[in-house]
Each structure stands twice: as C-alpha cells, then as structure tokens.
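Structure first, then comments.
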Amino acid sequence: MNFQEYPDAEFMAMGLADVIATQLNAALRQRDRALLVVPGGSTPGPVFDTLCGARLEWERVDILPSDERWRPQAHIRSNAGLIAQRLICERAAVANLLPLYIADETPEDAAPRLSEAIAPRLPIDVALVGMGADMHTASLFPRAPGLEAALAHDAPLVLPMRIEGEPEPRVTLAAHVLKSAMHLHVVITGADKREALERAEGQDALIAPIAALLDDATVHWAP
Ligand SMILES: O=C(O)[C@H](O)[C@@H](O)[C@H](O)[C@H](O)COP(=O)(O)O
C-alpha cells in the first residue's frame, strides 16, 4: 500500500484529480476508450468538482460507479445521480456513464445482466473507492451476507448486497474487479478513518473488506 497524506481536503481533491486525469490520459494514448470507476458517498465530491474540468478526451471515457444503492438516478441516494451531477459536467459532460442499475428489477435479477454489460469494458484503467469507518468499501460491508462470495477471485463481476441497517439494497463490483484496475486509489478523510485503515491492514477481509484491496492501492488521506 502507498499512503499519500495531504494538508487538507482541498489539496487532496486537487492532487487526486490531477493524478486521475494523468492516468486516464495515459490510458487514452494506448486505447480507444478508458474506464474510470468512482464511488458514491460524501468524500469524492470535491475530487469530482476538480476532475470534471480536466483537459482530456472525455468523450472516450466511460464512468462506472464502484457500487450502487438500488434507487433510480433521480433519487438523492443514487450514486449515479451524484456522479452525473458532480463529475459528468463541464469538460467531462461528454463522458459516458455506465449505470449499475436497472429500473423495475431487483438487484438479484439485475446483477447478472449488469455483469454481462460491463464485461466487455474491462479492465478498469483507474478506480477510485471510498471507505467507511467500519472498513467497508464499495458495497462490500463487514459480515454482510454474500460478502465471502464477493471476495472470491472468481466472483461474478457485479453482485447484489443486502446490508442490515441500510435503507435500500445495493449492488457492488466484486473485489477482484476493483483489484485488477491498472491504478487503484482509496480516498478518505479524518482521524477515525485513518485509524480504521490502520486497523484494517493485514486483517481478514471478511471483517475489514478494504483489506482485500490495500496491497494494490494508493490511499489518499487528509485530516
Ligand atoms: O455508495 C456508497 O456509499 C459508497 O460507494 C461507499 O463505499 C462509500 O465510498 C463509503 O461509504 C464512504 O462514504 P463517505 O465518503 O460518505 O464517508
């Protein structure tokens, strides 16, 4: 794991947006299209605000959520909704959003179709994920039913997750999909998450799902 510390969240947003844009530009020099994975939650918003103004050929970039709360895009809790509002704007307005949601279907019915739809777009060029203070990442939550399956190296690409206490079911990219990204970044802020990250290192991923990704990741932290 690489650990990158910033003086504050604003510096982090600028630094991280710059790194992601550089890595996407490099990917676009090699291939027709690049695939960027980004999380929902509150931490990445400022990164999106800077990244959406980056100079790159956004019309050749596909953007996929790392996971999705099972809500239509117009719903306030939809990750695709957040991404559409904060990232797919300004220069990035021409990027292509790949939704991880199918209306009028359950996550269980939709997951195999979503897996099929994203398979031809893989591998991920750049993945950005968040982490909760409980050490979850994407929608890989500690002790969630189905977590073991989602951590398997041959798991389906997209899995349904029903997490106790969460207001809606979710779908998530499998751990191996995120791990196989050419570049993998974790963005976190605050002392509690830094402490959670330290606890997660070397832990069983069933208890600390972020641990499944840390070997290959650069963690970006600001107070
Ligand atoms: O849809 C989601 O909730 C996420 O993708 C999730 O994994 C998120 O990244 C973490 O919960 C951190 O969220 P915060 O940035 O809001 O703390």
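Just so we're on the same page: first chain in the structure tokens is A, next is B, and so on; residues restart at 1 for each chain, and ligands are numbered from 1 in the order they show up.
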
(message) List the spatial neighbours of stretch 170-182 of chain A as a PyMOL selection string - criterion: any atom at most 8 Å away, only C-alpha atoms, same-chain residues fewer than 6 positions off excluded.
(response) chain A and resi 66-70+100+107+111+123-127+138-140+150-163+212-213+216

Could the residues in this selection be written to a file with C-alpha atoms, as a compact mmCIF listing (two decimals), in the first residue's frame?
# COMPACT_ATOMS: atom_id res chain seq x y z
CA SER A 66 -18.00 1.18 -7.79
CA ASP A 67 -21.36 0.23 -6.29
CA GLU A 68 -24.92 1.44 -6.36
CA ARG A 69 -27.71 1.98 -3.87
CA TRP A 70 -30.78 0.43 -5.53
CA LEU A 100 -25.18 -0.09 -12.27
CA PRO A 107 -30.64 -6.31 -7.57
CA ALA A 111 -26.74 -8.31 -11.27
CA PRO A 123 -10.23 -3.91 -17.30
CA ILE A 124 -10.63 -0.73 -15.29
CA ASP A 125 -7.98 1.88 -16.07
CA VAL A 126 -8.45 3.95 -12.92
CA ALA A 127 -10.54 3.02 -9.88
CA ALA A 138 -17.78 -0.01 -2.40
CA SER A 139 -20.73 -2.05 -1.03
CA LEU A 140 -18.51 -4.74 0.47
CA ALA A 150 -18.00 -11.07 -3.43
CA LEU A 151 -14.40 -11.51 -2.20
CA ALA A 152 -13.81 -14.71 -4.19
CA HIS A 153 -11.29 -14.42 -7.03
CA ASP A 154 -13.85 -15.90 -9.46
CA ALA A 155 -16.89 -13.95 -8.21
CA PRO A 156 -19.38 -12.60 -10.75
CA LEU A 157 -18.38 -9.06 -11.74
CA VAL A 158 -21.45 -7.47 -10.11
CA LEU A 159 -23.19 -8.83 -7.02
CA PRO A 160 -26.33 -7.90 -5.10
CA MET A 161 -25.82 -6.96 -1.45
CA ARG A 162 -28.46 -6.63 1.25
CA ILE A 163 -26.96 -4.96 4.28
CA ALA A 212 -8.87 -7.04 0.13
CA LEU A 213 -7.74 -4.02 -1.92
CA ASP A 216 -2.55 -2.76 -4.79

(request) For ligand 1, collect every residue having any atom at a distance of at most 9 Å from a ligand atom (counting only C-alpha atoms and all ligand atoms); output as an NGL selection string. (result) :A and (38-45 or 65-69 or 77-79 or 128-141 or 170 or 172 or 186-189 or 193)

(message) Quick check for you: according to DSSP on this backbone, which residues of chain A are classed as helix (DSSP H, G or I)? Reply as an NGL selection string.
(response) :A and (9-30 or 45-51 or 58-60 or 79-86 or 90-94 or 107-121 or 147-151 or 175-179 or 191-200 or 209-212 or 214-216)

(request) Would you list the contacts of stretch 7-16 of chain A as a list in words, taking every protein, DNA or RNA residue within 9 Å and counting only C-alpha atoms, but skipping same-chain residues closer than 4 positions in sequence? (result)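 Counting only the stated atoms, we get Ile20, Ala21, Thr43, Pro44, Gly45, Pro46, Val47, Phe48, Asp49, Thr50, Leu51, His185, Val187, Thr189, His220, Trp221, Ala222 and Pro223 of chain A.
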
Could those residues be written to a file, using N, CA and C atoms, as a tab-separated table (two decimals), in the first residue's frame?
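Just written: again_14.tsv:
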chain	number	residue	atom	x	y	z
A	20	ILE	N	-5.54	11.29	-11.32
A	20	ILE	CA	-6.52	10.51	-12.08
A	20	ILE	C	-6.54	10.97	-13.54
A	21	ALA	N	-6.52	12.28	-13.74
A	21	ALA	CA	-6.54	12.80	-15.12
A	21	ALA	C	-5.29	12.35	-15.88
A	43	THR	N	-17.22	11.86	0.40
A	43	THR	CA	-15.81	12.26	0.28
A	43	THR	C	-15.39	12.62	-1.16
A	44	PRO	N	-15.85	11.90	-2.19
A	44	PRO	CA	-15.28	12.19	-3.52
A	44	PRO	C	-15.81	13.44	-4.20
A	45	GLY	N	-16.87	14.05	-3.68
A	45	GLY	CA	-17.47	15.22	-4.35
A	45	GLY	C	-16.45	16.28	-4.75
A	46	PRO	N	-15.61	16.74	-3.82
A	46	PRO	CA	-14.62	17.77	-4.19
A	46	PRO	C	-13.62	17.28	-5.24
A	47	VAL	N	-13.32	15.97	-5.25
A	47	VAL	CA	-12.43	15.44	-6.30
A	47	VAL	C	-13.14	15.56	-7.65
A	48	PHE	N	-14.43	15.20	-7.66
A	48	PHE	CA	-15.21	15.29	-8.91
A	48	PHE	C	-15.25	16.74	-9.40
A	49	ASP	N	-15.42	17.68	-8.46
A	49	ASP	CA	-15.55	19.09	-8.84
A	49	ASP	C	-14.32	19.58	-9.60
A	50	THR	N	-13.14	19.06	-9.23
A	50	THR	CA	-11.91	19.46	-9.93
A	50	THR	C	-11.70	18.62	-11.18
A	51	LEU	N	-11.92	17.31	-11.03
A	51	LEU	CA	-11.65	16.38	-12.14
A	51	LEU	C	-12.50	16.70	-13.37
A	185	HIS	N	-7.11	3.75	-6.32
A	185	HIS	CA	-6.96	4.80	-5.31
A	185	HIS	C	-8.08	4.68	-4.28
A	187	VAL	N	-9.85	7.00	-1.25
A	187	VAL	CA	-9.87	8.37	-0.73
A	187	VAL	C	-10.60	8.40	0.60
A	189	THR	N	-10.95	10.74	4.57
A	189	THR	CA	-10.61	11.92	5.38
A	189	THR	C	-10.89	11.61	6.85
A	220	HIS	N	-5.23	7.91	-0.23
A	220	HIS	CA	-5.08	9.36	-0.15
A	220	HIS	C	-5.84	9.82	1.08
A	221	TRP	N	-5.15	10.49	1.99
A	221	TRP	CA	-5.78	10.88	3.25
A	221	TRP	C	-5.54	12.36	3.54
A	222	ALA	N	-6.60	12.99	4.04
A	222	ALA	CA	-6.47	14.36	4.55
A	222	ALA	C	-7.21	14.42	5.88
A	223	PRO	N	-6.77	15.32	6.79
A	223	PRO	CA	-7.43	15.39	8.10
A	223	PRO	C	-8.90	15.80	7.96

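Proximity to A:Cys52 was assessed for A:Ala119, A:Val219, A:Leu184, A:Ala93 counting only C-alpha atoms; the smallest distance is recorded for A:Ala93.
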
(message) If I take atom CA of A:Glu198 and atom CA of A:Gln23, how far is one from the other in Å, to one decimal?
(response)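 Atom CA of A:Gln23 lies 26.7 Å from atom CA of A:Glu198.
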